[in-house]
Amino acid sequence: MNAVKLEEWWAARLCRRQDDKGAWVADPNAEYWTVAEIAEYWGVKEQTVRSYRSRKRGELPDPDRVYGRTPLWRPVTIINFVRPGQGARTDLRDEAKSTEDPPPAE
């Protein structure tokens, strides 16, 4: 297999496509994305996405499918997911709901 065909084959397995400039990017039309494609789409390192998943604070949606030990997400799940803003205290979300004052009685 020559280098070009090998690169195309590997890119297809990784849910990637070439953009207008010839760079390989995450394909929004792929069936599933892995941690690598999510990291590329969000512009963060793969380890950041893994940390989001392991902390279970709502920084990453639950995977749509797990193949073996590999979590997979549909691109639409990630594209439509609203990420918490920089510095958001996702660890306090549940506590904030429970400590809110009840509405005043009329």
# chains A, B, ... in the order shown; residues from 1 in each chain; ligands from 1
$ residues_around --residues "A:Ile38" --least-positions-apart "2" --cutoff "12 Å" --atoms "only C-alpha atoms" --output "PyMOL selection string"
chain A and resi 14-16+25-28+32-36+40-50+52-53+60-61+63+71-79+81
$ atom_distance --atom1 "atom CA of A:Arg83" --atom2 "atom CA of A:Arg57"
11.1 Å
$ atom_distance --atom1 "atom CA of A:Ser54" --atom2 "atom CA of A:Val66"
14.7 Å
$ atom_distance --atom1 "atom CA of A:Val82" --atom2 "atom CA of A:Glu59"
8.8 Å
$ select_by_dssp --residues "stretch 15-90 of chain A" --states "strand (DSSP E or B)" --output "ChimeraX atom specification"
/A:16-18,24-26,33,65-67,70-73
$ write_last_selection --atoms "N, CA, C and O atoms" --output "PDB file, in the first residue's frame"
ATOM      1  N   ARG A  16     -11.847  11.176  10.066  1.00  0.00           N
ATOM      2  CA  ARG A  16     -11.294  12.463   9.657  1.00  0.00           C
ATOM      3  C   ARG A  16     -11.421  12.649   8.163  1.00  0.00           C
ATOM      4  O   ARG A  16     -11.608  11.717   7.415  1.00  0.00           O
ATOM      5  N   ARG A  17     -11.324  13.882   7.742  1.00  0.00           N
ATOM      6  CA  ARG A  17     -11.358  14.217   6.328  1.00  0.00           C
ATOM      7  C   ARG A  17     -10.368  15.340   6.084  1.00  0.00           C
ATOM      8  O   ARG A  17      -9.906  15.981   7.025  1.00  0.00           O
ATOM      9  N   GLN A  18     -10.065  15.599   4.815  1.00  0.00           N
ATOM     10  CA  GLN A  18      -9.165  16.702   4.493  1.00  0.00           C
ATOM     11  C   GLN A  18      -9.969  17.973   4.292  1.00  0.00           C
ATOM     12  O   GLN A  18     -11.005  17.961   3.634  1.00  0.00           O
ATOM     13  N   TRP A  24      -5.861  17.293   7.813  1.00  0.00           N
ATOM     14  CA  TRP A  24      -6.844  16.318   8.273  1.00  0.00           C
ATOM     15  C   TRP A  24      -7.556  16.873   9.498  1.00  0.00           C
ATOM     16  O   TRP A  24      -6.925  17.292  10.462  1.00  0.00           O
ATOM     17  N   VAL A  25      -8.882  16.904   9.450  1.00  0.00           N
ATOM     18  CA  VAL A  25      -9.686  17.430  10.548  1.00  0.00           C
ATOM     19  C   VAL A  25     -10.801  16.441  10.879  1.00  0.00           C
ATOM     20  O   VAL A  25     -11.133  15.571  10.082  1.00  0.00           O
ATOM     21  N   ALA A  26     -11.403  16.591  12.057  1.00  0.00           N
ATOM     22  CA  ALA A  26     -12.511  15.729  12.467  1.00  0.00           C
ATOM     23  C   ALA A  26     -13.681  15.916  11.502  1.00  0.00           C
ATOM     24  O   ALA A  26     -14.030  17.029  11.148  1.00  0.00           O
ATOM     25  N   TRP A  33     -17.228   9.782  16.855  1.00  0.00           N
ATOM     26  CA  TRP A  33     -15.961  10.423  17.163  1.00  0.00           C
ATOM     27  C   TRP A  33     -15.369   9.775  18.408  1.00  0.00           C
ATOM     28  O   TRP A  33     -16.091   9.354  19.310  1.00  0.00           O
ATOM     29  N   ARG A  65     -21.993   5.392  22.628  1.00  0.00           N
ATOM     30  CA  ARG A  65     -21.695   3.966  22.500  1.00  0.00           C
ATOM     31  C   ARG A  65     -20.312   3.714  23.094  1.00  0.00           C
ATOM     32  O   ARG A  65     -19.459   4.584  23.080  1.00  0.00           O
ATOM     33  N   VAL A  66     -20.110   2.531  23.613  1.00  0.00           N
ATOM     34  CA  VAL A  66     -18.788   2.121  24.080  1.00  0.00           C
ATOM     35  C   VAL A  66     -18.445   0.837  23.348  1.00  0.00           C
ATOM     36  O   VAL A  66     -19.199  -0.130  23.373  1.00  0.00           O
ATOM     37  N   TYR A  67     -17.321   0.864  22.662  1.00  0.00           N
ATOM     38  CA  TYR A  67     -16.860  -0.298  21.908  1.00  0.00           C
ATOM     39  C   TYR A  67     -15.643  -0.847  22.630  1.00  0.00           C
ATOM     40  O   TYR A  67     -14.579  -0.240  22.605  1.00  0.00           O
ATOM     41  N   THR A  70     -13.453   1.644  24.542  1.00  0.00           N
ATOM     42  CA  THR A  70     -13.357   2.918  23.825  1.00  0.00           C
ATOM     43  C   THR A  70     -14.706   3.613  23.779  1.00  0.00           C
ATOM     44  O   THR A  70     -15.638   3.121  23.157  1.00  0.00           O
ATOM     45  N   PRO A  71     -14.816   4.783  24.427  1.00  0.00           N
ATOM     46  CA  PRO A  71     -16.079   5.525  24.343  1.00  0.00           C
ATOM     47  C   PRO A  71     -16.185   6.213  22.982  1.00  0.00           C
ATOM     48  O   PRO A  71     -15.196   6.702  22.441  1.00  0.00           O
ATOM     49  N   LEU A  72     -17.400   6.243  22.444  1.00  0.00           N
ATOM     50  CA  LEU A  72     -17.645   6.868  21.143  1.00  0.00           C
ATOM     51  C   LEU A  72     -18.844   7.798  21.257  1.00  0.00           C
ATOM     52  O   LEU A  72     -19.821   7.490  21.933  1.00  0.00           O
ATOM     53  N   TRP A  73     -18.744   8.941  20.589  1.00  0.00           N
ATOM     54  CA  TRP A  73     -19.827   9.904  20.569  1.00  0.00           C
ATOM     55  C   TRP A  73     -20.214  10.201  19.128  1.00  0.00           C
ATOM     56  O   TRP A  73     -19.361  10.275  18.255  1.00  0.00           O
TER      57      TRP A  73
END
